[in-house]
$ cat entry.cif   # mmCIF, C-alpha atoms and all ligand atoms
data_data
loop_
_atom_site.label_atom_id
_atom_site.label_comp_id
_atom_site.auth_asym_id
_atom_site.auth_seq_id
_atom_site.Cartn_x
_atom_site.Cartn_y
_atom_site.Cartn_z
CA MET A 1 80.69 99.11 127.16
CA ILE A 2 79.87 96.98 124.11
CA LYS A 3 81.83 93.79 123.54
CA GLU A 4 81.39 93.51 119.74
CA ASP A 5 84.82 93.60 118.10
CA ILE A 6 84.83 96.37 115.53
CA SER A 7 88.61 96.39 114.94
CA ASN A 8 88.17 95.42 111.31
CA ILE A 9 85.02 97.24 110.29
CA GLU A 10 85.50 99.75 107.43
CA MET A 11 85.76 103.36 108.55
CA LEU A 12 84.47 106.45 106.78
CA ASN A 13 85.42 109.91 108.06
CA VAL A 14 83.02 112.71 107.23
CA GLY A 15 83.42 116.43 107.88
CA LEU A 16 80.34 118.56 108.44
CA VAL A 17 80.62 122.08 107.12
CA GLY A 18 78.37 125.02 106.37
CA HIS A 19 77.34 128.40 107.68
CA ILE A 20 76.52 128.75 111.34
CA ASP A 21 72.90 127.92 112.28
CA HIS A 22 72.18 126.16 109.01
CA GLY A 23 71.62 122.92 110.90
CA LYS A 24 74.89 120.94 111.04
CA THR A 25 74.58 119.82 114.65
CA THR A 26 70.88 118.99 114.27
CA LEU A 27 71.62 116.89 111.19
CA LEU A 28 74.43 115.16 113.02
CA SER A 29 72.19 114.24 115.91
CA ARG A 30 69.69 112.79 113.41
CA LEU A 31 72.38 110.72 111.72
CA THR A 32 73.99 109.42 114.89
CA GLY A 33 71.42 109.83 117.64
CA LYS A 34 73.69 112.06 119.69
CA PHE A 35 74.77 115.63 120.11
CA THR A 36 78.35 116.77 119.80
CA ASP A 37 79.90 119.06 122.34
CA THR A 38 81.74 121.22 119.87
CA HIS A 39 81.63 124.79 120.90
CA SER A 40 82.08 124.80 124.63
CA GLU A 41 85.76 124.11 124.88
CA GLU A 42 87.08 125.01 121.48
CA LEU A 43 89.94 127.22 122.41
CA LYS A 44 90.80 126.06 125.88
CA ARG A 45 94.25 127.26 126.90
CA GLY A 46 94.35 129.27 123.71
CA ILE A 47 96.11 126.65 121.66
CA THR A 48 94.22 123.42 121.53
CA ILE A 49 91.35 122.56 119.33
CA LYS A 50 88.40 120.56 120.39
CA LEU A 51 86.58 119.13 117.47
CA GLY A 52 83.15 117.64 118.00
CA TYR A 53 83.11 114.00 117.05
CA ALA A 54 80.06 111.78 116.81
CA ASP A 55 80.18 108.22 115.56
CA THR A 56 77.63 105.75 114.35
CA ILE A 57 77.47 102.39 112.63
CA LEU A 58 75.39 102.58 109.45
CA LYS A 59 73.83 99.42 108.08
CA SER A 60 71.89 98.62 104.98
CA GLU A 61 69.77 95.49 105.38
CA LYS A 62 69.20 95.27 101.62
CA GLU A 63 72.82 95.23 100.53
CA GLY A 64 74.19 93.72 103.72
CA LYS A 65 76.56 96.70 104.04
CA LYS A 66 77.91 97.95 107.32
CA ARG A 67 80.39 100.69 108.08
CA TYR A 68 81.57 102.80 110.97
CA VAL A 69 81.07 106.47 110.18
CA SER A 70 82.88 109.07 112.20
CA PHE A 71 81.59 112.62 111.81
CA VAL A 72 83.49 115.70 112.79
CA ASP A 73 81.32 118.76 113.33
CA ALA A 74 82.61 122.09 112.07
CA PRO A 75 83.67 124.36 114.89
CA GLY A 76 82.09 127.78 114.89
CA HIS A 77 85.35 129.70 114.64
CA GLU A 78 86.63 130.01 111.10
CA MET A 79 90.22 129.33 112.09
CA LEU A 80 89.19 126.08 113.72
CA MET A 81 87.36 125.17 110.57
CA ALA A 82 90.60 125.56 108.66
CA THR A 83 92.24 123.36 111.24
CA MET A 84 89.67 120.70 110.82
CA LEU A 85 90.37 120.67 107.11
CA SER A 86 94.13 120.81 107.51
CA GLY A 87 95.88 118.69 110.05
CA ALA A 88 93.56 117.79 112.84
CA ALA A 89 91.17 115.46 111.14
CA ILE A 90 91.01 112.85 108.47
CA ILE A 91 88.29 113.73 106.00
CA ASP A 92 87.25 111.26 103.33
CA ALA A 93 84.09 113.13 102.45
CA ALA A 94 82.16 116.21 103.46
CA ILE A 95 78.56 117.18 104.04
CA LEU A 96 77.91 120.82 103.14
CA VAL A 97 74.77 122.09 104.83
CA ILE A 98 72.93 125.03 103.25
CA ALA A 99 69.68 126.29 104.79
CA ALA A 100 67.04 126.62 102.07
CA ASN A 101 65.59 129.76 103.63
CA GLU A 102 68.94 131.59 103.84
CA GLY A 103 70.96 130.29 100.92
CA ILE A 104 74.68 130.81 100.29
CA LYS A 105 76.44 132.69 103.10
CA PRO A 106 80.09 133.79 103.61
CA GLN A 107 80.99 130.65 105.57
CA THR A 108 79.31 128.45 102.94
CA GLN A 109 81.70 129.98 100.44
CA GLU A 110 84.72 129.78 102.69
CA HIS A 111 84.10 126.15 103.54
CA LEU A 112 83.58 125.09 99.94
CA MET A 113 86.83 126.86 98.98
CA ALA A 114 88.62 125.05 101.78
CA LEU A 115 87.23 121.70 100.59
CA GLN A 116 88.39 122.62 97.12
CA ALA A 117 91.86 123.56 98.36
CA LYS A 118 92.07 120.27 100.25
CA ASN A 119 90.88 118.36 97.21
CA ILE A 120 88.01 116.71 99.04
CA LYS A 121 85.90 115.53 96.15
CA GLN A 122 83.19 113.48 97.79
CA ILE A 123 80.71 116.10 98.88
CA ILE A 124 77.03 115.75 99.74
CA ILE A 125 75.08 119.01 99.71
CA ILE A 126 72.20 119.16 102.15
CA GLN A 127 69.48 121.67 101.34
CA ASN A 128 68.26 121.87 104.91
CA LYS A 129 65.22 123.45 106.59
CA ILE A 130 63.12 122.49 103.60
CA ASP A 131 60.12 122.72 105.96
CA LEU A 132 60.57 126.49 106.11
CA VAL A 133 60.18 127.21 102.38
CA ASP A 134 57.48 126.67 99.78
CA LYS A 135 58.01 124.86 96.49
CA HIS A 136 59.01 127.98 94.56
CA GLU A 137 61.49 129.12 97.12
CA ALA A 138 62.97 125.62 97.30
CA LYS A 139 63.45 125.56 93.53
CA ARG A 140 64.99 129.04 93.51
CA ASN A 141 67.37 128.07 96.28
CA TYR A 142 68.25 124.85 94.45
CA ASP A 143 69.12 126.82 91.29
CA LYS A 144 71.32 129.17 93.31
CA ILE A 145 73.18 126.24 94.86
CA LYS A 146 73.69 124.76 91.37
CA ASP A 147 75.12 128.10 90.23
CA PHE A 148 77.33 128.38 93.30
CA VAL A 149 79.00 124.98 92.85
CA LYS A 150 79.52 125.33 89.10
CA GLY A 151 83.19 124.86 88.26
CA THR A 152 84.09 123.64 91.78
CA VAL A 153 84.79 120.19 93.28
CA ALA A 154 81.11 120.05 94.22
CA GLU A 155 79.83 120.64 90.69
CA ASN A 156 78.32 117.16 90.42
CA SER A 157 77.55 116.57 94.08
CA PRO A 158 74.07 115.38 94.98
CA ILE A 159 71.82 118.06 96.50
CA ILE A 160 69.42 116.46 98.97
CA PRO A 161 66.42 118.37 100.30
CA VAL A 162 66.24 117.65 104.04
CA SER A 163 64.58 118.79 107.19
CA ALA A 164 66.93 117.76 109.93
CA GLN A 165 64.52 119.02 112.52
CA GLN A 166 61.46 117.21 111.13
CA ASP A 167 63.41 114.07 110.19
CA VAL A 168 62.73 114.35 106.45
CA ASN A 169 64.97 112.48 103.98
CA ILE A 170 67.59 111.46 106.55
CA ASN A 171 67.54 107.89 105.22
CA LYS A 172 68.53 109.14 101.79
CA VAL A 173 71.61 110.79 103.35
CA LYS A 174 72.49 107.56 105.17
CA GLU A 175 72.18 105.60 101.94
CA ILE A 176 74.60 107.93 100.16
CA LEU A 177 77.03 107.70 103.08
CA LEU A 178 76.94 103.92 102.85
CA ASN A 179 77.95 104.10 99.20
CA LEU A 180 80.77 106.65 99.29
CA LYS A 181 84.24 105.46 98.38
CA ILE A 182 86.69 104.81 101.21
CA PRO A 183 90.21 105.82 100.17
CA GLU A 184 93.24 103.71 100.95
CA ARG A 185 94.89 104.66 104.25
CA ASP A 186 98.53 105.63 104.60
CA SER A 187 100.41 102.81 106.19
CA GLY A 188 103.78 103.14 107.91
CA ASP A 189 104.56 104.17 111.46
CA PRO A 190 101.60 105.44 113.44
CA ILE A 191 100.94 109.13 113.93
CA PHE A 192 98.52 109.82 116.74
CA LEU A 193 97.51 113.43 117.37
CA VAL A 194 96.58 114.11 120.96
CA ALA A 195 93.60 116.46 121.14
CA ARG A 196 92.86 115.98 124.82
CA SER A 197 94.24 114.12 127.79
CA PHE A 198 92.67 113.32 131.11
CA ASP A 199 92.54 111.43 134.36
CA ILE A 200 89.34 109.36 134.61
CA ASN A 201 89.81 108.23 138.21
CA LYS A 202 87.30 109.39 140.77
CA PRO A 203 88.82 110.79 143.94
CA GLY A 204 89.34 108.06 146.52
CA THR A 205 89.80 105.20 144.03
CA LYS A 206 91.92 102.36 145.44
CA VAL A 207 95.46 102.30 144.04
CA LYS A 208 94.92 98.82 142.62
CA GLU A 209 91.89 100.02 140.66
CA LEU A 210 93.43 103.20 139.29
CA HIS A 211 93.30 103.73 135.54
CA GLY A 212 96.38 105.01 133.76
CA GLY A 213 96.42 108.37 131.96
CA ILE A 214 94.10 108.69 128.95
CA LEU A 215 94.93 110.27 125.61
CA GLY A 216 92.09 111.28 123.30
CA GLY A 217 92.73 112.09 119.68
CA ILE A 218 93.01 110.74 116.18
CA LEU A 219 95.25 108.26 114.47
CA LYS A 220 96.30 109.89 111.22
CA GLN A 221 98.21 106.97 109.80
CA GLY A 222 99.46 103.49 110.61
CA LYS A 223 98.07 101.16 113.25
CA ILE A 224 98.31 100.96 117.01
CA LYS A 225 97.36 98.10 119.25
CA VAL A 226 97.07 97.24 122.90
CA GLY A 227 100.54 96.43 124.26
CA ASP A 228 102.42 98.80 121.91
CA THR A 229 105.01 101.13 123.42
CA ILE A 230 104.57 104.70 122.25
CA GLU A 231 106.59 107.88 122.49
CA ILE A 232 104.91 111.25 123.04
CA LYS A 233 106.36 114.61 121.96
CA PRO A 234 106.86 117.46 122.88
CA GLY A 235 105.78 115.67 126.07
CA ILE A 236 105.84 117.10 129.55
CA THR A 237 106.40 120.82 129.98
CA GLN A 238 108.61 121.97 132.81
CA LYS A 239 109.66 125.44 133.79
CA LYS A 240 113.34 125.83 134.56
CA ALA A 241 114.92 129.23 135.20
CA ASN A 242 112.04 130.90 133.39
CA GLN A 243 112.51 128.67 130.35
CA LEU A 244 110.07 126.04 129.18
CA ILE A 245 111.66 122.65 128.82
CA TYR A 246 109.99 119.76 127.05
CA LYS A 247 110.54 116.15 128.00
CA THR A 248 109.62 113.30 125.65
CA ILE A 249 107.72 110.50 127.38
CA GLN A 250 107.36 106.80 126.68
CA THR A 251 104.53 104.58 127.77
CA LYS A 252 102.57 101.45 126.92
CA ILE A 253 99.02 101.24 125.57
CA THR A 254 96.80 99.23 127.92
CA SER A 255 93.44 99.67 126.18
CA ILE A 256 91.85 101.44 123.21
CA GLN A 257 88.33 102.71 122.92
CA ARG A 258 86.51 103.86 119.81
CA GLY A 259 83.18 105.44 120.73
CA LYS A 260 81.53 102.94 123.03
CA TYR A 261 83.57 100.01 121.73
CA ASN A 262 86.70 98.52 123.24
CA ILE A 263 89.07 97.51 120.45
CA LYS A 264 92.41 95.71 120.34
CA GLU A 265 93.81 97.41 117.29
CA ALA A 266 92.98 100.77 115.71
CA CYS A 267 93.25 101.95 112.14
CA PRO A 268 93.16 105.63 111.08
CA GLY A 269 90.13 107.84 111.43
CA GLY A 270 87.57 108.95 113.93
CA SER A 271 88.50 109.72 117.47
CA LEU A 272 90.05 107.28 119.90
CA ALA A 273 90.68 107.15 123.61
CA ILE A 274 93.91 105.39 124.53
CA GLU A 275 94.57 104.26 128.07
CA THR A 276 98.26 104.19 128.93
CA GLU A 277 100.49 103.17 131.81
CA LEU A 278 101.22 106.85 132.48
CA ASP A 279 100.65 108.27 135.91
CA PRO A 280 97.26 110.00 135.46
CA VAL A 281 98.74 113.10 137.07
CA LEU A 282 100.67 113.60 133.83
CA THR A 283 97.58 113.53 131.63
CA LYS A 284 95.02 115.40 133.67
CA ALA A 285 93.38 118.61 132.47
CA ASP A 286 94.53 118.31 128.86
CA SER A 287 98.17 118.71 129.83
CA LEU A 288 99.29 116.63 126.84
CA SER A 289 96.93 118.03 124.23
CA GLY A 290 98.73 119.22 121.12
CA CYS A 291 101.28 116.40 121.44
CA VAL A 292 102.02 113.73 118.84
CA ALA A 293 102.63 110.04 119.53
CA SER A 294 104.32 107.30 117.51
CA PHE A 295 106.58 104.32 118.12
CA GLU A 296 109.94 105.01 119.80
CA ASN A 297 112.45 107.08 117.82
CA LYS A 298 110.07 107.59 114.91
CA LEU A 299 109.14 111.24 115.45
CA PRO A 300 111.33 114.17 114.34
CA GLU A 301 112.93 116.43 116.97
CA ILE A 302 110.64 119.19 118.17
CA SER A 303 111.38 122.61 116.75
CA ASP A 304 110.29 126.20 117.05
CA LYS A 305 111.48 126.95 113.54
CA ILE A 306 109.78 125.49 110.48
CA LYS A 307 109.89 125.89 106.75
CA ILE A 308 106.73 125.58 104.74
CA LYS A 309 105.71 125.58 101.14
CA PHE A 310 102.54 127.62 100.83
CA ASN A 311 99.72 128.62 98.55
CA LEU A 312 97.62 131.69 99.22
CA PHE A 313 94.03 132.09 98.06
CA GLU A 314 93.22 134.86 95.59
CA LYS A 315 90.49 136.34 97.73
CA VAL A 316 89.95 136.67 101.45
CA LEU A 317 87.23 134.23 102.41
CA GLY A 318 84.52 134.50 104.98
CA THR A 319 83.83 138.19 104.46
CA GLU A 320 81.08 139.84 102.48
CA LYS A 321 83.44 141.85 100.30
CA HIS A 322 86.06 139.58 98.85
CA GLU A 323 89.24 141.68 98.98
CA GLU A 324 92.42 140.30 97.43
CA VAL A 325 94.91 138.40 99.58
CA GLN A 326 98.11 140.44 99.82
CA PRO A 327 101.44 138.53 99.66
CA LEU A 328 103.15 137.48 102.91
CA LYS A 329 105.56 140.07 104.30
CA THR A 330 108.77 139.51 106.26
CA ASN A 331 108.35 139.79 110.04
CA GLU A 332 104.64 139.34 109.78
CA ASN A 333 102.80 137.43 112.52
CA ILE A 334 100.45 134.84 111.11
CA LEU A 335 98.34 132.17 112.74
CA LEU A 336 99.09 128.58 111.83
CA SER A 337 97.00 125.52 112.50
CA ILE A 338 99.30 122.53 112.81
CA ASN A 339 98.15 119.11 113.98
CA THR A 340 95.86 119.82 116.88
CA SER A 341 97.44 123.15 117.81
CA ILE A 342 97.14 126.70 116.73
CA THR A 343 100.28 128.75 117.07
CA VAL A 344 101.56 132.14 116.05
CA GLY A 345 104.45 132.16 113.60
CA GLN A 346 106.64 135.06 112.61
CA THR A 347 107.82 135.05 109.01
CA ILE A 348 111.62 135.22 108.79
CA LYS A 349 112.53 134.52 105.22
CA ILE A 350 110.23 134.35 102.21
CA LYS A 351 111.30 133.00 98.86
CA GLU A 352 108.65 132.54 96.22
CA GLN A 353 106.27 129.92 97.63
CA GLU A 354 108.44 129.02 100.64
CA VAL A 355 108.63 130.67 104.02
CA GLU A 356 110.69 130.13 107.17
CA LEU A 357 108.93 130.87 110.44
CA ASN A 358 109.73 131.27 114.11
CA LEU A 359 107.01 129.68 116.21
CA ARG A 360 105.80 130.80 119.61
CA ILE A 361 105.52 127.19 120.78
CA PRO A 362 107.58 124.27 119.49
CA ILE A 363 105.89 121.60 117.41
CA VAL A 364 106.70 118.15 116.05
CA PRO A 365 107.52 119.06 112.44
CA LEU A 366 106.13 116.11 110.53
CA LYS A 367 107.13 116.49 106.89
CA GLY A 368 104.21 116.90 104.53
CA GLU A 369 101.90 117.97 107.34
CA ASN A 370 99.17 120.33 106.18
CA ILE A 371 98.91 123.74 107.75
CA GLY A 372 96.15 126.31 107.63
CA ILE A 373 97.39 129.90 107.38
CA ALA A 374 95.39 132.83 108.75
CA ARG A 375 96.06 136.56 108.81
CA ASN A 376 94.57 139.17 111.05
CA ILE A 377 92.36 141.37 108.90
CA ASN A 378 90.32 144.05 110.66
CA ASN A 379 90.67 142.17 113.94
CA HIS A 380 89.49 138.83 112.55
CA TRP A 381 91.67 135.87 111.81
CA ARG A 382 90.88 135.01 108.20
CA LEU A 383 91.99 131.87 106.45
CA ILE A 384 94.22 133.05 103.59
CA GLY A 385 95.81 129.82 102.40
CA PHE A 386 97.36 126.47 103.12
CA GLY A 387 100.90 125.23 103.53
CA GLU A 388 102.90 122.06 103.96
CA ILE A 389 105.92 121.46 106.19
CA ILE A 390 109.06 120.79 104.10
P1 LIG A 401 74.67 124.66 113.25
O1 LIG A 401 75.13 125.96 113.81
O2 LIG A 401 74.89 124.59 111.77
O3 LIG A 401 75.21 123.47 113.97
O4 LIG A 401 73.06 124.64 113.41
P2 LIG A 401 72.16 123.90 114.48
O5 LIG A 401 72.03 122.46 114.19
O6 LIG A 401 72.60 124.29 115.83
O7 LIG A 401 70.73 124.55 114.14
C1 LIG A 401 70.47 125.92 114.28
C2 LIG A 401 68.97 126.13 114.50
O8 LIG A 401 68.22 125.70 113.36
C3 LIG A 401 68.42 125.33 115.67
O9 LIG A 401 67.49 126.13 116.35
C4 LIG A 401 67.75 124.14 115.01
O10 LIG A 401 66.67 123.63 115.77
C5 LIG A 401 67.24 124.75 113.72
N1 LIG A 401 67.12 123.75 112.65
C6 LIG A 401 68.04 122.82 112.27
N2 LIG A 401 67.56 122.07 111.24
C7 LIG A 401 66.32 122.55 110.96
C8 LIG A 401 65.32 122.20 109.99
O11 LIG A 401 65.46 121.29 109.17
N3 LIG A 401 64.18 122.94 110.00
C9 LIG A 401 63.96 123.95 110.89
N4 LIG A 401 62.80 124.61 110.83
N5 LIG A 401 64.89 124.30 111.80
C10 LIG A 401 66.03 123.62 111.85
MG MG A 402 76.65 123.34 115.42
#

$ encode --input "entry.cif" --output "structure tokens" --more "lines below"
Ligand code: GDP
Ligand code: MG
Amino acid sequence: MIKEDISNIEMLNVGLVGHIDHGKTTLLSRLTGKFTDTHSEELKRGITIKLGYADTILKSEKEGKKRYVSFVDAPGHEMLMATMLSGAAIIDAAILVIAANEGIKPQTQEHLMALQAKNIKQIIIIQNKIDLVDKHEAKRNYDKIKDFVKGTVAENSPIIPVSAQQDVNINKVKEILLNLKIPERDSGDPIFLVARSFDINKPGTKVKELHGGILGGILKQGKIKVGDTIEIKPGITQKKANQLIYKTIQTKITSIQRGKYNIKEACPGGSLAIETELDPVLTKADSLSGCVASFENKLPEISDKIKIKFNLFEKVLGTEKHEEVQPLKTNENILLSINTSITVGQTIKIKEQEVELNLRIPIVPLKGENIGIARNINNHWRLIGFGEII
């Protein structure tokens, strides 16, 4: 554990997107010196999303700049990608990786459209695997990328030729990251999204030395500090007479960890591990993942009915042939990514751009929360639009 206090260092949150195998994870390991563990546990228990985070502190000796950069690696599954861009992560900027030898692929398109829909304007395009192409091919690929981004949010984004594998031009990428703008954070009461929860005690630990339950996740807004009392919803799940009952829990924060640093106070972004006074039995094996935490009495009541304002794309993304997105129908089952959960919703009432839904699992309906909407098309969940809880 490193003692340096990084509570007040500026934080930049960067999403890594791009077609599978184009080199996102390799680039990330170059930028941070570590590998993310994205794909192994993505859909554990069917509802919870595991995003791969990797953090690093970037420094520029020349300008005396220093910032903490938290990267979130795009999950392989397209629905999880939508999640990453909707509720489950804070994204100030994105790196779009395109392999020079393969060019624009369906996921490249889908991800750029999602960035566009989310209005993420700071985008760095990485023309990766430059070691695999000759000069002519590199130029041709560059022209195609230029064509592809024309008229989109990425129209004026820098395109950096890189070989993540051979460590070519990585410093250039770091330099750009050090100079991106950091937007102002939402203040107000904290909203902490629990992505995982665990018990870190080894069997046989003495009672006096036991650690409390740990919550891993991201702080979307506000600040939390050691000593704060928090409330967690939906909380503990109990089965009573074949019905699931949810019980809100309260606890106190005893320590906060960001990457390998212990901090006293956390501001939004990146991923955090919060140690609490909870009995670790309550947090083991991700039992609280998908929950939301804030101060006491600050969260809305949980609900299995929500109303959202939505916007559908014109075309279905992520497929070779771009068929048109058909309007939502009543009684249709769609997949929604909300906070750190994915849940099925059944459309009840649709009026223009608003829809009421019955959810299979209750959620904490935070107003204004972004939601990714997917429809099953030929046995694939395809991102068809975005919504917002109203
Ligand atoms: P991801 O699916 O986008 O995360 O891609 P990965 O980072 O897992 O990379 C996919 C494959 O491409 C791996 O075998 C990497 O070693 C390889 N790769 C990544 N970057 C480069 C590069 O710059 N040049 C070459 N030749 N191979 C690369
Ligand atoms: Mg990867």

$ residues_near_ligand --input "entry.cif" --ligand "ligand MG 402 (chain A)" --cutoff "7 Å" --atoms "all atoms listed in the file" --output "PyMOL selection string"
chain A and resi 20-21+23-25+73-74

$ closest_atom_pairs --input "entry.cif" --of "chain A" --to "ligand LIG 401 (chain A)" --cutoff "7 Å" --atoms "all atoms listed in the file" --output "CSV"
residue,atom,partner,partner_atom,distance
A:Gly18,CA,A:LIG401,O2,6.4
A:His19,CA,A:LIG401,O2,6.1
A:Ile20,CA,A:LIG401,O1,4.0
A:Asp21,CA,A:LIG401,O1,3.3
A:His22,CA,A:LIG401,O2,4.2
A:Gly23,CA,A:LIG401,O5,3.3
A:Lys24,CA,A:LIG401,O2,3.7
A:Thr25,CA,A:LIG401,O5,3.7
A:Thr26,CA,A:LIG401,O5,3.7
A:Leu27,CA,A:LIG401,O5,6.3
A:Asn128,CA,A:LIG401,O11,5.1
A:Lys129,CA,A:LIG401,O11,3.4
A:Ile130,CA,A:LIG401,O11,6.2
A:Asp131,CA,A:LIG401,N3,5.7
A:Leu132,CA,A:LIG401,N4,5.5
A:Val162,CA,A:LIG401,O11,6.3
A:Ser163,CA,A:LIG401,O11,3.3
A:Ala164,CA,A:LIG401,O11,3.9
A:Gln165,CA,A:LIG401,C8,4.1
A:Gln166,CA,A:LIG401,O11,6.0

$ residues_around --input "entry.cif" --residues "A:Leu177" --least-positions-apart "6" --cutoff "9 Å" --atoms "all atoms listed in the file" --output "list of chain:residue names"
A:Leu12, A:Val14, A:Leu58, A:Val69, A:Ala93, A:Ile124

$ residues_around --input "entry.cif" --residues "A:Lys105" --least-positions-apart "2" --cutoff "9 Å" --atoms "all atoms listed in the file" --output "PyMOL selection string"
chain A and resi 18-19+98+102-103+107-110+318+320

$ write_last_selection --input "entry.cif" --atoms "C-alpha atoms" --output "PDB file, keeping the file's coordinate frame"
ATOM      1  CA  GLY A  18      78.370 125.020 106.370  1.00  0.00           C
ATOM      2  CA  HIS A  19      77.340 128.400 107.680  1.00  0.00           C
ATOM      3  CA  ILE A  98      72.930 125.030 103.250  1.00  0.00           C
ATOM      4  CA  GLU A 102      68.940 131.590 103.840  1.00  0.00           C
ATOM      5  CA  GLY A 103      70.960 130.290 100.920  1.00  0.00           C
ATOM      6  CA  GLN A 107      80.990 130.650 105.570  1.00  0.00           C
ATOM      7  CA  THR A 108      79.310 128.450 102.940  1.00  0.00           C
ATOM      8  CA  GLN A 109      81.700 129.980 100.440  1.00  0.00           C
ATOM      9  CA  GLU A 110      84.720 129.780 102.690  1.00  0.00           C
ATOM     10  CA  GLY A 318      84.520 134.500 104.980  1.00  0.00           C
ATOM     11  CA  GLU A 320      81.080 139.840 102.480  1.00  0.00           C
TER      12      GLU A 320
END

$ residues_around --input "entry.cif" --residues "A:Ala273" --least-positions-apart "4" --cutoff "9 Å" --atoms "only C-alpha atoms" --output "PyMOL selection string"
chain A and resi 197+214-218+255-259

$ residues_around --input "entry.cif" --residues "A:Phe310" --least-positions-apart "4" --cutoff "7 Å" --atoms "only C-alpha atoms" --output "PyMOL selection string"
chain A and resi 353-354+386-388

$ closest_residue --input "entry.cif" --among "A:Ile170, A:Ile342, A:Leu312, A:Leu357" --to "A:Thr330" --atoms "only C-alpha atoms"
A:Leu357
